[in-house]
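Trainee: Have a look at the structure that comes next, please.
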Amino acid sequence: MSDQPTAAERFLNGILPENPVYRQLLGMCPTLAVTNGMKPAITMAGATAFVLIMSNIIVSLIRGLLKPHLRILVFTLTIATFVTIADRFLAAYMYDMSKQLGPYVPLIIVNCLIISRAEICASKQSLGTAVADAVGMSLGFALALASIATVREILGSGTWFGINVLGTGWPAWGIMVLPPGAFLTLGLLLGGAEWFGKRRSSRAQTG
Amino acid sequence: METVSSLILIFIGAALINNFVLHYFVGICPFLGVSRKIETAFGMGLAVTFVITIASILSWAFTYYILRPGAPLPVWVWQVMGGAEGATVDLSVLSYIMYIFVIASSVQFVEMYVRKFQPKLYTSFGVFLPLITTNCAILFACLEIMKHLQDPTRLWGLHEALALAIGGGIGFTIAISLMAGIREELDLADVPAALKGAGIALIVAGIMAMAFMGFTGVDRGVEQALAALIGR
Amino acid sequence: MPENMPEKKSYIGQAWLVIVLAFCFGGALAFVQTTLGPKIAENKRNETYSVIPTLVPGAATDRTEELVVEGADGRDVRVYKAFSVTGEHLGWVLPARGQGFADVIEVLIGQDAGLETITGMYVLAQKETPGLGDFIRGEDFQSRFAGRPAQPPLEVVKTEPVEANQILALTGATISSESVTTIVNTAVANLRDVLATHSGSHAPE
């Protein structure tokens, strides 16, 4: 068991080195759908964080009782329950945001990120490590969503978190808040992340 | 006749105008992952359409009879157990759990079918067939159907749910096949190293999404054309 | 047969965790539903009810009545009857929906008690082009409907309106403006006769 990553390693891993969106390419659907503004992006990141952390806690607590061929069933049941709770909570206390996010909150259930963390980490490691993993991944996910949402919102509506930052002279690039803008932004940012990663690793090799 | 025209509108809406992949961003993972060759992509599209159809029939039935506010079956059970007359039972909090299990079962069923009757296709799919369970498109179709079963004055029947589901599946197939065709050509092009793979695929998807935006307003025109046809 | 017996036992033996979890999660969801359900229902109600005083000036939200009536096209519609604080019937609020340029547009239409004037219009949901068509949900466009006659049907013009039943279109969004106007006209005409039979000040106690 000593060759398993520690809690600190899990935590730091999830933020940049194994960033859910930029490295693992998981959770694309909400990444593209809710990043047309910072507010929905952060709300979605918060909801995903809640589900991921709670799911990792539960799975880690019962990891000794899981039968191999029923474990996906257990994961799915847990995740679906917490997504329902998150969705209801949003509908009760942030109704307008809930309507704006629409069907993308329940789609957290099929966000491969959560099931993969349950499978890779929570079902095999202790509670503390599982929580650290979940928090790290959630931060990484939030970072990814925020970076895309910043680009799309500023270029697309001239605002950030709803506050006007570019002045009234900026002709808003409407396409950025529409689907094509989402794909283009993510594609270019992915390319940027790849390029930085390659430069770093080639520097490390030559240095 | 009006029903047929509304079915056509729902179908075209789901397939082209509000394409599941290029407008609603669902089904991106297989869209990026399985779109290298046209044959596999087309096969995946058809498998997804098959699963969406089964899953939407089941989820429509469950939602209509059990899960929606005021559904007949729980009200009957409640009254049999001695509950008050005229009570409405709302089991919709169980919807998401119900849908994901319906989807998982549908995928299992399709997997068994494909393994028995199309073994070559089964081996070429590999791990991607059970991964259809995590395909957002299917859950999205179920959620859309649930959305249209909330208002008691305007409930969707099974035919409308099927029109949406099959339209969505066909739209997904169109999108993924187009992407595969483009990517087969891209393999021979000089793509910058940082963009190879997912990066360039997403940029291509963005351009495709722009092209599909040209379908905006088509449903208006189709609606008017159909209305003129019926009125005749 | 000895082979079958242990297998049967192990099905339950293996599934006991899933069953226990199902009960626990079911209980948790039931708890969530009972605590948050009423809040959510109130939010949904408020979506419509909070707009009623703007659509029918002077209306008191807590005296509004809901009715399900059958329109001339044979379909049921849930309408809202607006009363003042003193119980006087002030007007109606009609929900309506129809095809816009990009997708379905949902609106609320305010009418006076005599069904002769349109007192207001509010866009509930739309997916029109951002920066062009989606200005239909702005105060500027919505105020163009206030005080219009219910008959003859409203029409959209691109120059300054001269007749009382003319609405100025949004620049660059003629189709969106026309769609909203068609939705309003259709709903008003559809429900005119049936609402006239339900008029009258008999405010709930």
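Chain identifiers are assigned as A, B, and so on, following the order in which chains appear in the structure tokens; residues are numbered from 1 within each chain, and ligands are numbered from 1 in order of appearance.
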When you get a sec, could you note down which chain B residues fall within 6 Å of chain C, using only C-alpha atoms, as a ChimeraX atom specification?
Mentor: /B:153,216-217
Trainee: Suppose we keep C-alpha atoms; can you now write the selection as a PDB file, in the first residue's frame?
Mentor:
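As a result, part-v1.pdb now contains:
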```
ATOM      1  CA  THR B 153     -52.041  20.843 -19.411  1.00  0.00           C
ATOM      2  CA  THR B 216     -31.673  28.548 -36.906  1.00  0.00           C
ATOM      3  CA  GLY B 217     -35.086  29.599 -38.044  1.00  0.00           C
TER       4      GLY B 217
END
```
Trainee: I need the chain B residues near chain A as a short mmCIF file (atom, residue, chain, number, x, y, z; two decimals) with C-alpha atoms, in the first residue's frame; criterion: at most 10 Å, counting only C-alpha atoms.
Mentor:
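Now in result.cif:
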```
data_model
loop_
_atom_site.label_atom_id
_atom_site.label_comp_id
_atom_site.auth_asym_id
_atom_site.auth_seq_id
_atom_site.Cartn_x
_atom_site.Cartn_y
_atom_site.Cartn_z
CA VAL B 21 -23.63 17.63 -29.90
CA LEU B 22 -23.19 20.99 -31.59
CA HIS B 23 -25.85 22.97 -29.78
CA TYR B 24 -26.43 21.26 -26.44
CA PHE B 25 -22.88 19.95 -25.91
CA VAL B 26 -23.97 16.47 -24.93
CA GLY B 27 -22.19 13.39 -26.19
CA ILE B 28 -18.84 15.16 -26.53
CA CYS B 29 -16.72 12.32 -25.14
CA LEU B 32 -14.02 13.31 -29.70
CA VAL B 93 -37.07 13.40 -6.59
CA LEU B 94 -36.23 9.83 -7.64
CA SER B 95 -36.10 10.77 -11.33
CA TYR B 96 -32.36 10.99 -11.83
CA ILE B 97 -31.65 7.69 -10.09
CA MET B 98 -34.39 6.04 -12.13
CA TYR B 99 -33.04 7.42 -15.41
CA ILE B 100 -29.45 6.38 -14.87
CA PHE B 101 -30.53 2.84 -14.04
CA ALA B 104 -27.47 1.33 -17.69
CA LEU B 131 -19.16 3.59 -21.96
CA ILE B 132 -22.35 4.65 -23.74
CA THR B 133 -23.85 4.62 -20.24
CA THR B 134 -21.89 7.77 -19.46
CA ASN B 135 -22.90 9.39 -22.73
CA CYS B 136 -24.57 12.64 -21.71
CA ALA B 137 -26.80 12.55 -24.77
CA ILE B 138 -28.98 9.73 -23.49
CA LEU B 139 -29.50 11.19 -20.04
CA PHE B 140 -30.13 14.54 -21.71
CA ALA B 141 -32.89 13.03 -23.85
CA LEU B 143 -34.26 14.96 -18.97
CA GLU B 144 -35.87 16.76 -21.90
CA LYS B 147 -39.24 18.54 -18.70
CA PRO B 192 0.58 22.13 -35.14
CA ALA B 193 1.89 19.71 -32.52
CA ALA B 194 0.12 21.33 -29.59
CA LEU B 195 -3.25 21.11 -31.27
CA LYS B 196 -3.01 17.48 -32.43
CA GLY B 197 -5.79 15.30 -31.17
CA ALA B 198 -8.41 16.95 -29.02
CA GLY B 199 -7.36 20.54 -29.74
CA ILE B 200 -7.90 20.51 -33.48
CA ALA B 201 -10.99 18.32 -33.12
CA LEU B 202 -12.59 20.93 -30.89
CA ILE B 203 -11.73 23.75 -33.28
CA VAL B 204 -13.25 21.77 -36.14
CA ALA B 205 -16.30 21.17 -33.95
CA GLY B 206 -16.54 24.91 -33.39
CA ILE B 207 -16.62 25.55 -37.12
CA MET B 208 -19.19 22.79 -37.55
CA ALA B 209 -21.27 24.37 -34.80
CA MET B 210 -21.13 27.65 -36.67
CA ALA B 211 -22.32 25.91 -39.80
CA PHE B 212 -25.17 24.25 -37.94
CA MET B 213 -26.20 27.63 -36.56
#
```
Trainee: What are the residues of chain C that have an atom within 10 Å of an atom of chain A, counting only C-alpha atoms, as a ChimeraX atom specification?
Mentor: /C:14-19,21-22,25-26,28-29,31-33,35-44,47,129-132
Trainee: Taking the chain letters and numbering used in this document, name the residues of chain A that DSSP puts in helix (DSSP H, G or I), as a PyMOL selection string.
Mentor: chain A and resi 7-15+28-33+38-61+63-65+68-93+95-104+106-110+112-122+127-157+174-177+179-206
Trainee: With C-alpha atoms retained, export the selected residues as a short mmCIF file (atom, residue, chain, number, x, y, z; two decimals), in the first residue's frame.
Mentor:
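Now in result-v8.cif:
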```
data_model
loop_
_atom_site.label_atom_id
_atom_site.label_comp_id
_atom_site.auth_asym_id
_atom_site.auth_seq_id
_atom_site.Cartn_x
_atom_site.Cartn_y
_atom_site.Cartn_z
CA ALA A 7 -3.03 12.66 0.41
CA ALA A 8 -0.86 15.67 -0.37
CA GLU A 9 0.18 14.16 -3.69
CA ARG A 10 -3.43 13.43 -4.59
CA PHE A 11 -4.42 16.99 -3.73
CA LEU A 12 -1.73 18.69 -5.78
CA ASN A 13 -2.17 16.23 -8.63
CA GLY A 14 -5.70 17.25 -9.29
CA ILE A 15 -5.06 20.94 -9.71
CA MET A 28 -16.44 18.16 -21.32
CA CYS A 29 -20.18 18.56 -21.47
CA PRO A 30 -20.59 21.00 -18.58
CA THR A 31 -17.27 22.63 -19.45
CA LEU A 32 -18.61 23.74 -22.78
CA ALA A 33 -22.18 24.37 -21.75
CA MET A 38 -18.39 33.27 -14.71
CA LYS A 39 -21.43 32.96 -12.43
CA PRO A 40 -22.85 29.77 -13.97
CA ALA A 41 -19.34 28.35 -14.30
CA ILE A 42 -18.54 28.81 -10.62
CA THR A 43 -21.95 27.49 -9.58
CA MET A 44 -21.42 24.39 -11.67
CA ALA A 45 -17.91 23.96 -10.25
CA GLY A 46 -19.36 24.23 -6.75
CA ALA A 47 -22.06 21.67 -7.44
CA THR A 48 -19.55 19.26 -8.97
CA ALA A 49 -17.23 19.77 -6.01
CA PHE A 50 -20.04 18.92 -3.59
CA VAL A 51 -20.93 15.73 -5.44
CA LEU A 52 -17.29 14.68 -5.90
CA ILE A 53 -16.33 15.23 -2.27
CA MET A 54 -19.42 13.56 -0.82
CA SER A 55 -19.15 10.66 -3.23
CA ASN A 56 -15.49 10.11 -2.41
CA ILE A 57 -16.28 10.23 1.33
CA ILE A 58 -19.05 7.63 1.09
CA VAL A 59 -17.13 5.33 -1.25
CA SER A 60 -14.02 5.51 0.89
CA LEU A 61 -16.02 4.71 4.03
CA ARG A 63 -14.63 0.55 0.40
CA GLY A 64 -14.11 -2.61 2.44
CA LEU A 65 -17.62 -3.81 1.72
CA PRO A 68 -16.09 -6.08 -7.45
CA HIS A 69 -18.89 -6.64 -9.91
CA LEU A 70 -21.38 -4.46 -8.07
CA ARG A 71 -19.14 -1.52 -7.40
CA ILE A 72 -20.12 0.53 -10.45
CA LEU A 73 -23.73 0.14 -9.38
CA VAL A 74 -22.90 1.43 -5.91
CA PHE A 75 -20.91 4.36 -7.31
CA THR A 76 -23.74 5.31 -9.66
CA LEU A 77 -26.35 5.13 -6.92
CA THR A 78 -24.26 7.32 -4.61
CA ILE A 79 -23.49 9.88 -7.29
CA ALA A 80 -27.09 10.09 -8.50
CA THR A 81 -28.32 10.67 -4.96
CA PHE A 82 -25.91 13.52 -4.27
CA VAL A 83 -26.59 15.11 -7.64
CA THR A 84 -30.30 15.08 -6.82
CA ILE A 85 -29.56 16.75 -3.49
CA ALA A 86 -27.37 19.39 -5.16
CA ASP A 87 -29.97 20.02 -7.84
CA ARG A 88 -32.79 20.42 -5.30
CA PHE A 89 -30.64 22.71 -3.19
CA LEU A 90 -29.95 24.96 -6.17
CA ALA A 91 -33.62 25.01 -7.15
CA ALA A 92 -34.58 26.04 -3.63
CA TYR A 93 -31.94 28.69 -2.89
CA TYR A 95 -33.63 29.43 -8.45
CA ASP A 96 -32.59 31.71 -11.32
CA MET A 97 -29.16 30.10 -11.53
CA SER A 98 -30.79 26.69 -11.40
CA LYS A 99 -32.96 27.59 -14.38
CA GLN A 100 -29.97 28.94 -16.26
CA LEU A 101 -27.92 25.81 -15.65
CA GLY A 102 -30.93 23.73 -16.63
CA PRO A 103 -30.26 20.09 -17.44
CA TYR A 104 -26.49 20.40 -16.89
CA PRO A 106 -28.24 16.41 -13.42
CA LEU A 107 -25.69 15.70 -16.15
CA ILE A 108 -23.05 15.74 -13.40
CA ILE A 109 -24.15 12.13 -12.86
CA VAL A 110 -22.53 11.08 -16.12
CA CYS A 112 -16.78 10.64 -15.99
CA LEU A 113 -14.58 12.55 -13.55
CA ILE A 114 -16.57 11.53 -10.48
CA ILE A 115 -16.88 7.86 -11.29
CA SER A 116 -13.23 7.68 -12.28
CA ARG A 117 -12.09 9.22 -8.97
CA ALA A 118 -14.29 6.79 -7.08
CA GLU A 119 -12.77 3.91 -9.01
CA ILE A 120 -9.14 5.03 -8.98
CA CYS A 121 -8.82 6.61 -5.55
CA ALA A 122 -11.74 6.47 -3.15
CA LEU A 127 -10.88 8.73 3.96
CA GLY A 128 -8.33 11.51 4.31
CA THR A 129 -6.64 10.72 1.00
CA ALA A 130 -9.97 10.38 -0.77
CA VAL A 131 -11.09 13.80 0.48
CA ALA A 132 -7.77 15.36 -0.53
CA ASP A 133 -8.13 13.83 -3.97
CA ALA A 134 -11.67 15.12 -4.33
CA VAL A 135 -10.77 18.63 -3.20
CA GLY A 136 -7.77 18.74 -5.52
CA MET A 137 -9.75 17.57 -8.51
CA SER A 138 -12.56 20.00 -7.70
CA LEU A 139 -10.10 22.89 -7.58
CA GLY A 140 -8.61 21.80 -10.88
CA PHE A 141 -12.06 21.56 -12.43
CA ALA A 142 -13.03 24.97 -11.08
CA LEU A 143 -9.79 26.43 -12.43
CA ALA A 144 -10.49 24.98 -15.86
CA LEU A 145 -14.09 26.21 -15.94
CA ALA A 146 -13.05 29.65 -14.70
CA SER A 147 -10.33 30.03 -17.33
CA ILE A 148 -12.71 29.19 -20.18
CA ALA A 149 -15.55 31.25 -18.74
CA THR A 150 -13.27 34.27 -18.32
CA VAL A 151 -12.30 34.21 -21.98
CA ARG A 152 -15.85 33.63 -23.19
CA GLU A 153 -17.54 36.14 -20.96
CA ILE A 154 -15.08 38.97 -21.44
CA LEU A 155 -14.91 38.58 -25.20
CA GLY A 156 -18.56 37.67 -25.59
CA SER A 157 -20.33 40.19 -23.37
CA GLY A 174 -21.66 37.29 -29.59
CA ILE A 175 -20.27 34.10 -31.06
CA MET A 176 -18.24 33.51 -27.91
CA VAL A 177 -21.28 32.95 -25.74
CA PRO A 179 -21.79 27.01 -28.95
CA PRO A 180 -19.10 27.68 -31.59
CA GLY A 181 -17.31 30.00 -29.19
CA ALA A 182 -17.26 27.26 -26.57
CA PHE A 183 -15.64 24.73 -28.87
CA LEU A 184 -13.11 27.19 -30.27
CA THR A 185 -12.11 28.53 -26.84
CA LEU A 186 -11.65 25.08 -25.34
CA GLY A 187 -9.74 23.86 -28.39
CA LEU A 188 -7.34 26.80 -28.36
CA LEU A 189 -6.86 26.71 -24.58
CA LEU A 190 -6.20 22.97 -24.77
CA GLY A 191 -3.61 23.63 -27.42
CA GLY A 192 -2.07 26.29 -25.20
CA ALA A 193 -1.94 23.92 -22.23
CA GLU A 194 -0.33 21.22 -24.38
CA TRP A 195 2.27 23.66 -25.64
CA PHE A 196 3.17 24.86 -22.14
CA GLY A 197 3.38 21.29 -20.93
CA LYS A 198 5.69 20.30 -23.77
CA ARG A 199 7.94 23.32 -23.27
CA ARG A 200 8.21 22.56 -19.56
CA SER A 201 9.10 18.95 -20.12
CA SER A 202 11.60 19.71 -22.90
CA ARG A 203 13.20 22.38 -20.68
CA ALA A 204 13.42 19.88 -17.86
CA GLN A 205 15.14 17.44 -20.21
CA THR A 206 17.66 19.88 -21.62
#
```
Trainee: Write out as an mmCIF file with all heavy atoms, in the first residue's frame which residues come within 12 Å of B:Ala227 when counting only C-alpha atoms, dropping same-chain ones fewer than 5 positions away.
Mentor:
```cif
data_model
loop_
_atom_site.group_PDB
_atom_site.id
_atom_site.type_symbol
_atom_site.label_atom_id
_atom_site.label_comp_id
_atom_site.auth_asym_id
_atom_site.auth_seq_id
_atom_site.Cartn_x
_atom_site.Cartn_y
_atom_site.Cartn_z
ATOM 1 N N MET B 1 -53.364 15.610 -38.220
ATOM 2 C CA MET B 1 -52.333 16.186 -39.093
ATOM 3 C C MET B 1 -51.440 17.133 -38.294
ATOM 4 O O MET B 1 -50.263 17.255 -38.548
ATOM 5 C CB MET B 1 -53.002 16.976 -40.224
ATOM 6 C CG MET B 1 -52.899 16.333 -41.600
ATOM 7 S SD MET B 1 -51.611 15.124 -41.766
ATOM 8 C CE MET B 1 -50.390 16.015 -42.687
ATOM 9 N N GLU B 2 -52.072 17.825 -37.337
ATOM 10 C CA GLU B 2 -51.269 18.762 -36.553
ATOM 11 C C GLU B 2 -50.237 18.018 -35.722
ATOM 12 O O GLU B 2 -49.139 18.495 -35.509
ATOM 13 C CB GLU B 2 -52.206 19.558 -35.622
ATOM 14 C CG GLU B 2 -51.782 20.994 -35.473
ATOM 15 C CD GLU B 2 -52.568 21.671 -34.377
ATOM 16 O OE1 GLU B 2 -52.247 21.446 -33.206
ATOM 17 O OE2 GLU B 2 -53.505 22.388 -34.712
ATOM 18 N N THR B 3 -50.641 16.818 -35.239
ATOM 19 C CA THR B 3 -49.688 16.020 -34.473
ATOM 20 C C THR B 3 -48.500 15.665 -35.335
ATOM 21 O O THR B 3 -47.359 15.750 -34.892
ATOM 22 C CB THR B 3 -50.350 14.715 -33.988
ATOM 23 O OG1 THR B 3 -51.732 14.926 -33.857
ATOM 24 C CG2 THR B 3 -49.747 14.263 -32.700
ATOM 25 N N VAL B 4 -48.755 15.253 -36.589
ATOM 26 C CA VAL B 4 -47.637 14.863 -37.455
ATOM 27 C C VAL B 4 -46.718 16.048 -37.681
ATOM 28 O O VAL B 4 -45.498 15.907 -37.649
ATOM 29 C CB VAL B 4 -48.170 14.326 -38.812
ATOM 30 C CG1 VAL B 4 -47.010 14.026 -39.732
ATOM 31 C CG2 VAL B 4 -48.983 13.075 -38.593
ATOM 32 N N SER B 5 -47.291 17.235 -37.884
ATOM 33 C CA SER B 5 -46.427 18.382 -38.122
ATOM 34 C C SER B 5 -45.621 18.713 -36.876
ATOM 35 O O SER B 5 -44.445 19.047 -36.965
ATOM 36 C CB SER B 5 -47.246 19.585 -38.591
ATOM 37 O OG SER B 5 -47.753 20.294 -37.496
ATOM 38 N N SER B 6 -46.235 18.578 -35.695
ATOM 39 C CA SER B 6 -45.442 18.875 -34.490
ATOM 40 C C SER B 6 -44.372 17.814 -34.293
ATOM 41 O O SER B 6 -43.284 18.105 -33.822
ATOM 42 C CB SER B 6 -46.351 18.998 -33.270
ATOM 43 O OG SER B 6 -46.580 17.742 -32.691
ATOM 44 N N ILE B 8 -42.802 16.225 -36.732
ATOM 45 C CA ILE B 8 -41.727 16.543 -37.670
ATOM 46 C C ILE B 8 -40.869 17.671 -37.115
ATOM 47 O O ILE B 8 -39.644 17.646 -37.196
ATOM 48 C CB ILE B 8 -42.312 16.931 -39.051
ATOM 49 C CG1 ILE B 8 -43.033 15.741 -39.658
ATOM 50 C CG2 ILE B 8 -41.221 17.424 -39.972
ATOM 51 C CD1 ILE B 8 -43.638 16.023 -41.005
ATOM 52 N N LEU B 9 -41.513 18.686 -36.522
ATOM 53 C CA LEU B 9 -40.769 19.811 -35.962
ATOM 54 C C LEU B 9 -39.858 19.364 -34.820
ATOM 55 O O LEU B 9 -38.708 19.779 -34.727
ATOM 56 C CB LEU B 9 -41.739 20.880 -35.461
ATOM 57 C CG LEU B 9 -42.312 21.758 -36.555
ATOM 58 C CD1 LEU B 9 -43.416 22.613 -35.993
ATOM 59 C CD2 LEU B 9 -41.225 22.624 -37.139
ATOM 60 N N ASP B 219 -36.936 25.762 -38.323
ATOM 61 C CA ASP B 219 -38.184 25.188 -37.808
ATOM 62 C C ASP B 219 -39.345 26.153 -37.978
ATOM 63 O O ASP B 219 -40.490 25.727 -38.158
ATOM 64 C CB ASP B 219 -38.031 24.753 -36.339
ATOM 65 C CG ASP B 219 -37.280 25.763 -35.516
ATOM 66 O OD1 ASP B 219 -36.905 26.804 -36.055
ATOM 67 O OD2 ASP B 219 -37.059 25.494 -34.328
ATOM 68 N N ARG B 220 -39.035 27.446 -37.944
ATOM 69 C CA ARG B 220 -40.090 28.420 -38.208
ATOM 70 C C ARG B 220 -40.628 28.258 -39.620
ATOM 71 O O ARG B 220 -41.841 28.205 -39.847
ATOM 72 C CB ARG B 220 -39.503 29.825 -38.057
ATOM 73 C CG ARG B 220 -40.355 30.792 -37.350
ATOM 74 C CD ARG B 220 -39.630 32.108 -37.329
ATOM 75 N NE ARG B 220 -40.354 33.106 -38.055
ATOM 76 C CZ ARG B 220 -41.398 33.743 -37.566
ATOM 77 N NH1 ARG B 220 -41.829 33.463 -36.370
ATOM 78 N NH2 ARG B 220 -42.001 34.652 -38.291
ATOM 79 N N GLY B 221 -39.675 28.165 -40.582
ATOM 80 C CA GLY B 221 -40.088 28.008 -41.976
ATOM 81 C C GLY B 221 -40.831 26.713 -42.200
ATOM 82 O O GLY B 221 -41.842 26.665 -42.909
ATOM 83 N N VAL B 222 -40.333 25.631 -41.578
ATOM 84 C CA VAL B 222 -40.997 24.339 -41.737
ATOM 85 C C VAL B 222 -42.385 24.387 -41.136
ATOM 86 O O VAL B 222 -43.351 23.866 -41.698
ATOM 87 C CB VAL B 222 -40.155 23.216 -41.077
ATOM 88 C CG1 VAL B 222 -40.917 21.923 -41.036
ATOM 89 C CG2 VAL B 222 -38.866 23.042 -41.827
ATOM 90 N N ARG B 232 -54.433 23.800 -46.518
ATOM 91 C CA ARG B 232 -54.940 23.652 -47.886
ATOM 92 C C ARG B 232 -56.110 22.703 -47.992
ATOM 93 O O ARG B 232 -56.184 21.723 -47.349
ATOM 94 C CB ARG B 232 -53.785 23.111 -48.737
ATOM 95 C CG ARG B 232 -54.068 23.228 -50.216
ATOM 96 C CD ARG B 232 -52.809 23.107 -51.021
ATOM 97 N NE ARG B 232 -51.901 24.207 -50.762
ATOM 98 C CZ ARG B 232 -50.627 24.229 -51.194
ATOM 99 N NH1 ARG B 232 -50.132 23.197 -51.830
ATOM 100 N NH2 ARG B 232 -49.864 25.248 -50.964
#
```
Trainee: At a cut-off of 7 Å, using only C-alpha atoms, what residues contact C:Gly71? Leave out same-chain residues fewer than 6 positions from it and give the result as a ChimeraX atom specification.
Mentor: /C:77,190-191,194
Trainee: Could you name the residues that touch B:Leu164 at 7 Å or less, counting only C-alpha atoms, but leaving out those on the same chain fewer than 6 positions away, as a PyMOL selection string?
Mentor: chain B and resi 10-11+14
Trainee: Pick out the residues sitting within 9 Å of C:Leu108, and hand them over as a PDB file with N, CA, C and O atoms, in the first residue's frame; count only C-alpha atoms, and ignore anything fewer than 6 positions along from it in its own chain.
Mentor:
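Output contents, as saved in out_32.pdb:
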```pdb
ATOM      1  N   THR C  48     -44.102  33.526 -11.780  1.00  0.00           N
ATOM      2  CA  THR C  48     -45.239  34.158 -12.429  1.00  0.00           C
ATOM      3  C   THR C  48     -45.845  35.231 -11.541  1.00  0.00           C
ATOM      4  O   THR C  48     -46.093  36.343 -11.971  1.00  0.00           O
ATOM      5  N   VAL C  51     -44.599  38.856 -11.163  1.00  0.00           N
ATOM      6  CA  VAL C  51     -44.706  39.760 -12.305  1.00  0.00           C
ATOM      7  C   VAL C  51     -46.112  40.317 -12.448  1.00  0.00           C
ATOM      8  O   VAL C  51     -46.338  41.301 -13.150  1.00  0.00           O
ATOM      9  N   ILE C  52     -47.083  39.688 -11.796  1.00  0.00           N
ATOM     10  CA  ILE C  52     -48.483  40.080 -11.992  1.00  0.00           C
ATOM     11  C   ILE C  52     -48.745  41.550 -11.680  1.00  0.00           C
ATOM     12  O   ILE C  52     -49.441  42.225 -12.441  1.00  0.00           O
ATOM     13  N   LEU C  55     -47.857  43.553 -14.671  1.00  0.00           N
ATOM     14  CA  LEU C  55     -48.674  43.348 -15.861  1.00  0.00           C
ATOM     15  C   LEU C  55     -50.066  43.942 -15.693  1.00  0.00           C
ATOM     16  O   LEU C  55     -50.634  44.475 -16.648  1.00  0.00           O
ATOM     17  N   VAL C  93     -54.076  37.600 -16.332  1.00  0.00           N
ATOM     18  CA  VAL C  93     -52.728  37.344 -16.830  1.00  0.00           C
ATOM     19  C   VAL C  93     -52.756  36.008 -17.551  1.00  0.00           C
ATOM     20  O   VAL C  93     -53.124  34.983 -16.978  1.00  0.00           O
ATOM     21  N   LEU C  94     -52.396  36.049 -18.833  1.00  0.00           N
ATOM     22  CA  LEU C  94     -52.451  34.848 -19.663  1.00  0.00           C
ATOM     23  C   LEU C  94     -51.029  34.396 -19.985  1.00  0.00           C
ATOM     24  O   LEU C  94     -50.239  35.180 -20.488  1.00  0.00           O
ATOM     25  N   PRO C  95     -50.688  33.140 -19.709  1.00  0.00           N
ATOM     26  CA  PRO C  95     -49.421  32.628 -20.236  1.00  0.00           C
ATOM     27  C   PRO C  95     -49.611  32.197 -21.679  1.00  0.00           C
ATOM     28  O   PRO C  95     -50.678  31.714 -22.051  1.00  0.00           O
ATOM     29  N   ALA C  96     -48.581  32.412 -22.478  1.00  0.00           N
ATOM     30  CA  ALA C  96     -48.668  32.000 -23.878  1.00  0.00           C
ATOM     31  C   ALA C  96     -47.293  31.588 -24.352  1.00  0.00           C
ATOM     32  O   ALA C  96     -46.282  32.004 -23.797  1.00  0.00           O
ATOM     33  N   ARG C  97     -47.252  30.735 -25.334  1.00  0.00           N
ATOM     34  CA  ARG C  97     -45.958  30.341 -25.894  1.00  0.00           C
ATOM     35  C   ARG C  97     -46.113  30.106 -27.376  1.00  0.00           C
ATOM     36  O   ARG C  97     -47.190  29.798 -27.862  1.00  0.00           O
ATOM     37  N   GLY C 120     -49.990  44.765 -20.436  1.00  0.00           N
ATOM     38  CA  GLY C 120     -48.555  44.537 -20.308  1.00  0.00           C
ATOM     39  C   GLY C 120     -48.148  43.197 -20.912  1.00  0.00           C
ATOM     40  O   GLY C 120     -48.993  42.354 -21.206  1.00  0.00           O
ATOM     41  N   MET C 121     -46.854  43.050 -21.117  1.00  0.00           N
ATOM     42  CA  MET C 121     -46.331  41.798 -21.651  1.00  0.00           C
ATOM     43  C   MET C 121     -44.983  41.534 -20.992  1.00  0.00           C
ATOM     44  O   MET C 121     -44.198  42.463 -20.794  1.00  0.00           O
ATOM     45  N   TYR C 122     -44.744  40.282 -20.627  1.00  0.00           N
ATOM     46  CA  TYR C 122     -43.473  39.941 -19.977  1.00  0.00           C
ATOM     47  C   TYR C 122     -42.948  38.653 -20.582  1.00  0.00           C
ATOM     48  O   TYR C 122     -43.685  37.684 -20.714  1.00  0.00           O
ATOM     49  N   VAL C 123     -41.669  38.663 -20.971  1.00  0.00           N
ATOM     50  CA  VAL C 123     -41.083  37.470 -21.583  1.00  0.00           C
ATOM     51  C   VAL C 123     -40.494  36.588 -20.493  1.00  0.00           C
ATOM     52  O   VAL C 123     -39.607  36.992 -19.756  1.00  0.00           O
ATOM     53  N   LEU C 124     -41.043  35.357 -20.372  1.00  0.00           N
ATOM     54  CA  LEU C 124     -40.584  34.429 -19.340  1.00  0.00           C
ATOM     55  C   LEU C 124     -39.343  33.682 -19.780  1.00  0.00           C
ATOM     56  O   LEU C 124     -38.411  33.519 -19.021  1.00  0.00           O
ATOM     57  N   VAL C 184     -48.816  36.901 -28.836  1.00  0.00           N
ATOM     58  CA  VAL C 184     -49.779  37.701 -28.068  1.00  0.00           C
ATOM     59  C   VAL C 184     -51.142  37.685 -28.749  1.00  0.00           C
ATOM     60  O   VAL C 184     -52.176  37.426 -28.121  1.00  0.00           O
TER      61      VAL C 184
END
```
Trainee: Which residues come within 10 Å of C:Lys158, counting only C-alpha atoms, excluding same-chain residues fewer than 4 positions away, as a PyMOL selection string?
Mentor: chain C and resi 166-171+174
Trainee: Rounded to one decimal in Å, what is the spacing between atom CA of C:Thr181 and atom CA of C:Val156?
Mentor: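 Computing it gives 7.2 Å between the two atoms.
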Trainee: Would you mind writing down, as a ChimeraX atom specification, each residue of chain A that DSSP on the backbone assigns to strand (DSSP E or B)?
Mentor: /A:159-160,163-164
